[in-house]
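Here is the structure we will look at.
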Amino acid sequence: MRKFKRYRKLLIFLALIFLSLFFLADFDIPVEELKEKYTYSYSKFVEIDGMNVHYTDQGSGFPIILLHGSGGSLHTWEGWANELKTNYRVISIDLPAFGLTGRHTRGDYSINSYTKFLYDFVNNLKLDRFHLAGNSLGGGIAWNFTSDYPERVDKLLLLDASGNRPKPKKQTTENTKKKGSSFSVFRLARIPVINKLFLYFTPKSIIRNNLEQVYYDDSKVTDTLVEQYHDFALREGNRQAFMDRLTTTRGNDTSHKLKEINNPTLILWGENDRWISVNSAYKFNEDIPNSKLVIMKKTGHLPMEEKPEESVKIAMNFLAEDLE
């Protein structure tokens, strides 16, 4: 009894902390609940490697596949899809670890795994040849796939793509400067202890900060947009997948394969990208022989989402060109 009295204050304090953490925690959202909110009438699901993969398929004509980046979903391409579907069959995918698709069954998030996933996906849909567009991680998947299977890709579109960073250069232009906090969820998630907290606490403020980094114009980061990204982050399994991706071995550098890509390629980049410098755009253009470079001013890491009308017009002009 005396021992209980001695530690009563400590026990009460710990209980209060536990209750506070419980009520502040961001609980996983069941995928069925998210399906009701975020699927389209043209949404479809297909089983690939044990995963129930969400994708959209609309329009008719020559197919074009759209791949989003880290933390994103197929919704990032909505502006493009609405325009492209008038002339093309437009297919957007929630990649493994993201959106409604969720974590990879084996927790494998290497670029080789993503490339194999895309190979299995297009074979499942019986797509022999198509245009392929990707942003950030999706861009890295797109050019690696094109290098491995050039006969499957007609034209390649890389938007602020990953996987070919040049040696760091000092940023001197005003275009690369932007006020505000520079921390990202990726940096925080690599800090021991803090990264464990992300499995239970994923405040919308972190999501908003991340979006304000990838957008040039912060006024376009709306509450609705933040809620969408936050909801997908809380999709059951996605936060663990996010952690698993950060610890995945990057593997060997495959950028040497870029020089072997002869497919007509559009390199479309936001001049104000804070995540992957515009210097990478010039390196992609230098390495890919049959490429065309377009730099969008006052634009961040997600041209197709921040400026859908302007960026899709550039894309459609490129698709209509005969570069070969």
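Chains: A, B, ... in order of the structure tokens. Residues: from 1 per chain. Ligands: from 1, in order shown.
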
Write out, as CSV, each residue of segment 76-146 of chain A that has an atom at most 12 Å from segment 231-243 of chain A, together with the closest pair of atoms and their distance in Å to one decimal, counting only C-alpha atoms, rows going by chain and rising number.
residue,atom,partner,partner_atom,distance
A:Asp94,CA,A:Phe232,CA,10.5
A:Leu95,CA,A:Asn238,CA,11.2
A:Pro96,CA,A:Ala241,CA,8.6
A:Ala97,CA,A:Ala241,CA,5.3
A:Phe98,CA,A:Asn238,CA,6.2
A:Gly99,CA,A:Phe232,CA,5.3
A:Leu100,CA,A:Arg235,CA,7.2
A:Thr101,CA,A:Asn238,CA,8.9
A:Gly102,CA,A:Asn238,CA,5.5
A:Arg103,CA,A:Ala241,CA,5.2
A:His104,CA,A:Ala241,CA,7.4
A:Thr105,CA,A:Ala241,CA,9.9
A:Arg106,CA,A:Ala241,CA,10.2
A:Gly107,CA,A:Ala241,CA,6.9
A:Asp108,CA,A:Ala241,CA,9.2
A:Tyr109,CA,A:Ala241,CA,8.6

Any chance you could export the current selection's C-alpha atoms as a PDB file, in the first residue's frame?
ATOM      1  CA  ASP A  94      -1.512   3.439 -57.495  1.00  0.00           C
ATOM      2  CA  LEU A  95       1.993   2.032 -57.141  1.00  0.00           C
ATOM      3  CA  PRO A  96       2.858  -0.451 -54.364  1.00  0.00           C
ATOM      4  CA  ALA A  97       3.215   1.318 -50.967  1.00  0.00           C
ATOM      5  CA  PHE A  98       0.859   4.125 -52.031  1.00  0.00           C
ATOM      6  CA  GLY A  99      -2.757   5.068 -52.590  1.00  0.00           C
ATOM      7  CA  LEU A 100      -5.312   2.290 -52.374  1.00  0.00           C
ATOM      8  CA  THR A 101      -2.860  -0.398 -53.483  1.00  0.00           C
ATOM      9  CA  GLY A 102      -0.953  -0.418 -50.193  1.00  0.00           C
ATOM     10  CA  ARG A 103       2.203  -2.203 -49.123  1.00  0.00           C
ATOM     11  CA  HIS A 104       4.079  -4.719 -51.225  1.00  0.00           C
ATOM     12  CA  THR A 105       3.410  -8.284 -50.112  1.00  0.00           C
ATOM     13  CA  ARG A 106       7.154  -8.914 -49.699  1.00  0.00           C
ATOM     14  CA  GLY A 107       8.103  -5.408 -48.643  1.00  0.00           C
ATOM     15  CA  ASP A 108      10.390  -5.087 -51.666  1.00  0.00           C
ATOM     16  CA  TYR A 109      10.681  -1.473 -52.835  1.00  0.00           C
TER      17      TYR A 109
END

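Residue-level DSSP output for segment 213-311 of chain A, from the backbone, shows strand (DSSP E) at A:Thr265, A:Leu266, A:Ile267, A:Leu268, A:Trp269, A:Gly270, A:Ser291, A:Lys292, A:Leu293, A:Val294, A:Ile295, A:Met296.
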
Could you save those same residues with N, CA and C atoms as a PDB file, in the first residue's frame?
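Dumped to selection-v7.pdb:
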ATOM      1  N   THR A 265      11.980  11.041 -76.051  1.00  0.00           N
ATOM      2  CA  THR A 265      11.780  11.326 -74.627  1.00  0.00           C
ATOM      3  C   THR A 265      11.573  12.814 -74.374  1.00  0.00           C
ATOM      4  N   LEU A 266      10.532  13.117 -73.615  1.00  0.00           N
ATOM      5  CA  LEU A 266      10.296  14.479 -73.139  1.00  0.00           C
ATOM      6  C   LEU A 266      10.766  14.568 -71.696  1.00  0.00           C
ATOM      7  N   ILE A 267      11.618  15.543 -71.420  1.00  0.00           N
ATOM      8  CA  ILE A 267      12.057  15.807 -70.050  1.00  0.00           C
ATOM      9  C   ILE A 267      11.414  17.125 -69.641  1.00  0.00           C
ATOM     10  N   LEU A 268      10.426  17.027 -68.772  1.00  0.00           N
ATOM     11  CA  LEU A 268       9.647  18.190 -68.341  1.00  0.00           C
ATOM     12  C   LEU A 268       9.942  18.435 -66.869  1.00  0.00           C
ATOM     13  N   TRP A 269      10.373  19.649 -66.536  1.00  0.00           N
ATOM     14  CA  TRP A 269      10.873  19.895 -65.180  1.00  0.00           C
ATOM     15  C   TRP A 269      10.392  21.236 -64.631  1.00  0.00           C
ATOM     16  N   GLY A 270      10.105  21.243 -63.330  1.00  0.00           N
ATOM     17  CA  GLY A 270       9.811  22.486 -62.641  1.00  0.00           C
ATOM     18  C   GLY A 270      11.113  23.181 -62.264  1.00  0.00           C
ATOM     19  N   SER A 291      16.174  13.133 -76.833  1.00  0.00           N
ATOM     20  CA  SER A 291      15.340  13.785 -75.816  1.00  0.00           C
ATOM     21  C   SER A 291      15.108  15.263 -76.109  1.00  0.00           C
ATOM     22  N   LYS A 292      14.018  15.739 -75.545  1.00  0.00           N
ATOM     23  CA  LYS A 292      13.640  17.142 -75.660  1.00  0.00           C
ATOM     24  C   LYS A 292      13.420  17.678 -74.248  1.00  0.00           C
ATOM     25  N   LEU A 293      13.988  18.823 -73.930  1.00  0.00           N
ATOM     26  CA  LEU A 293      13.919  19.387 -72.583  1.00  0.00           C
ATOM     27  C   LEU A 293      13.022  20.615 -72.546  1.00  0.00           C
ATOM     28  N   VAL A 294      12.090  20.628 -71.577  1.00  0.00           N
ATOM     29  CA  VAL A 294      11.237  21.792 -71.349  1.00  0.00           C
ATOM     30  C   VAL A 294      11.273  22.113 -69.854  1.00  0.00           C
ATOM     31  N   ILE A 295      11.672  23.335 -69.516  1.00  0.00           N
ATOM     32  CA  ILE A 295      11.720  23.781 -68.119  1.00  0.00           C
ATOM     33  C   ILE A 295      10.545  24.727 -67.875  1.00  0.00           C
ATOM     34  N   MET A 296       9.725  24.414 -66.876  1.00  0.00           N
ATOM     35  CA  MET A 296       8.575  25.250 -66.546  1.00  0.00           C
ATOM     36  C   MET A 296       8.935  26.214 -65.412  1.00  0.00           C
TER      37      MET A 296
END

Fill in the blank from the handout: If you count only C-alpha atoms, the residue of A:Glu260, A:Phe284, A:Lys307, A:Asp217 closest to Trp77 of chain A turns out to be A:Lys307

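Interatomic distance, atom CA of Gly71 of chain A against atom CA of Val226 of chain A: 11.8 Å.
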
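Counting only C-alpha atoms, Leu156 of chain A has the following residues at most 10 Å away, ignoring those fewer than 5 positions along the same chain: Ile64, Ile65, Phe130, His131, Leu132, Ala133, Gly134, Gly139, Ala142, Trp143, Thr146, Pro150, Ile261, Asn262, Asn263, Pro264, Thr265, Leu266, Ile267, Ser291, Phe318 and Leu319 of chain A.
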
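Considering the residues A:Ser113, A:Ser92, A:Ser70, A:Ser147 and counting only C-alpha atoms, His256 of chain A has its shortest atom-to-atom contact with A:Ser147.
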
Problem - Contacts of Glu305 of chain A within 8 Å, only C-alpha atoms, excl. fewer than 6 positions in-chain, as an MDAnalysis selection string - result: chainID A and resid 76:79

Exercise for the section: Would you mind telling me which residue in A:Tyr55, A:Phe27, A:Phe121, A:Tyr216 lies nearest to Thr39 of chain A when using only C-alpha atoms? Expected result: A:Tyr55

Handout entry: Picked from segment 38-274 of chain A by DSSP as helix (DSSP H, G or I), as a VMD selection string
Key = chain A and resid 38 74 to 84 111 to 124 137 to 148 150 to 152 174 to 176 185 to 188 194 to 197 204 to 214 218 to 220 223 to 233 238 to 247 255 to 260

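The space separating atom CA of Glu212 of chain A from atom CA of Glu83 of chain A comes to 25.7 Å.
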
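Reported to one decimal place, the separation of atom CA of Ser43 of chain A from atom CA of Pro63 of chain A is 16.1 Å.
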
Exercise for the section: For Asp287 of chain A, please output as a list in words all residues within 10 Å (counting only C-alpha atoms; exclusion window: fewer than 5 positions along the same chain). Expected result: Asn164, Ser255, His256, Lys257, Leu258, Lys259, Glu260, Ile261, Ala281 and Tyr282 of chain A

Please produce a file of those selected residues containing C-alpha atoms, as a PDB file, in the first residue's frame.
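What landed in result38.pdb:
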ATOM      1  CA  ASN A 164      20.063  10.579 -62.283  1.00  0.00           C
ATOM      2  CA  SER A 255      21.991   5.684 -64.714  1.00  0.00           C
ATOM      3  CA  HIS A 256      24.487   4.351 -67.291  1.00  0.00           C
ATOM      4  CA  LYS A 257      21.488   2.745 -69.019  1.00  0.00           C
ATOM      5  CA  LEU A 258      20.092   6.172 -69.934  1.00  0.00           C
ATOM      6  CA  LYS A 259      22.550   6.516 -72.826  1.00  0.00           C
ATOM      7  CA  GLU A 260      21.045   3.352 -74.340  1.00  0.00           C
ATOM      8  CA  ILE A 261      17.504   4.775 -74.475  1.00  0.00           C
ATOM      9  CA  ALA A 281      16.890  17.802 -65.983  1.00  0.00           C
ATOM     10  CA  TYR A 282      19.934  18.949 -67.929  1.00  0.00           C
TER      11      TYR A 282
END

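Residue nearest Ile91 of chain A, chosen from A:Asp120, A:Ser277, A:Leu127, A:Ser110 and counting only C-alpha atoms: A:Leu127.
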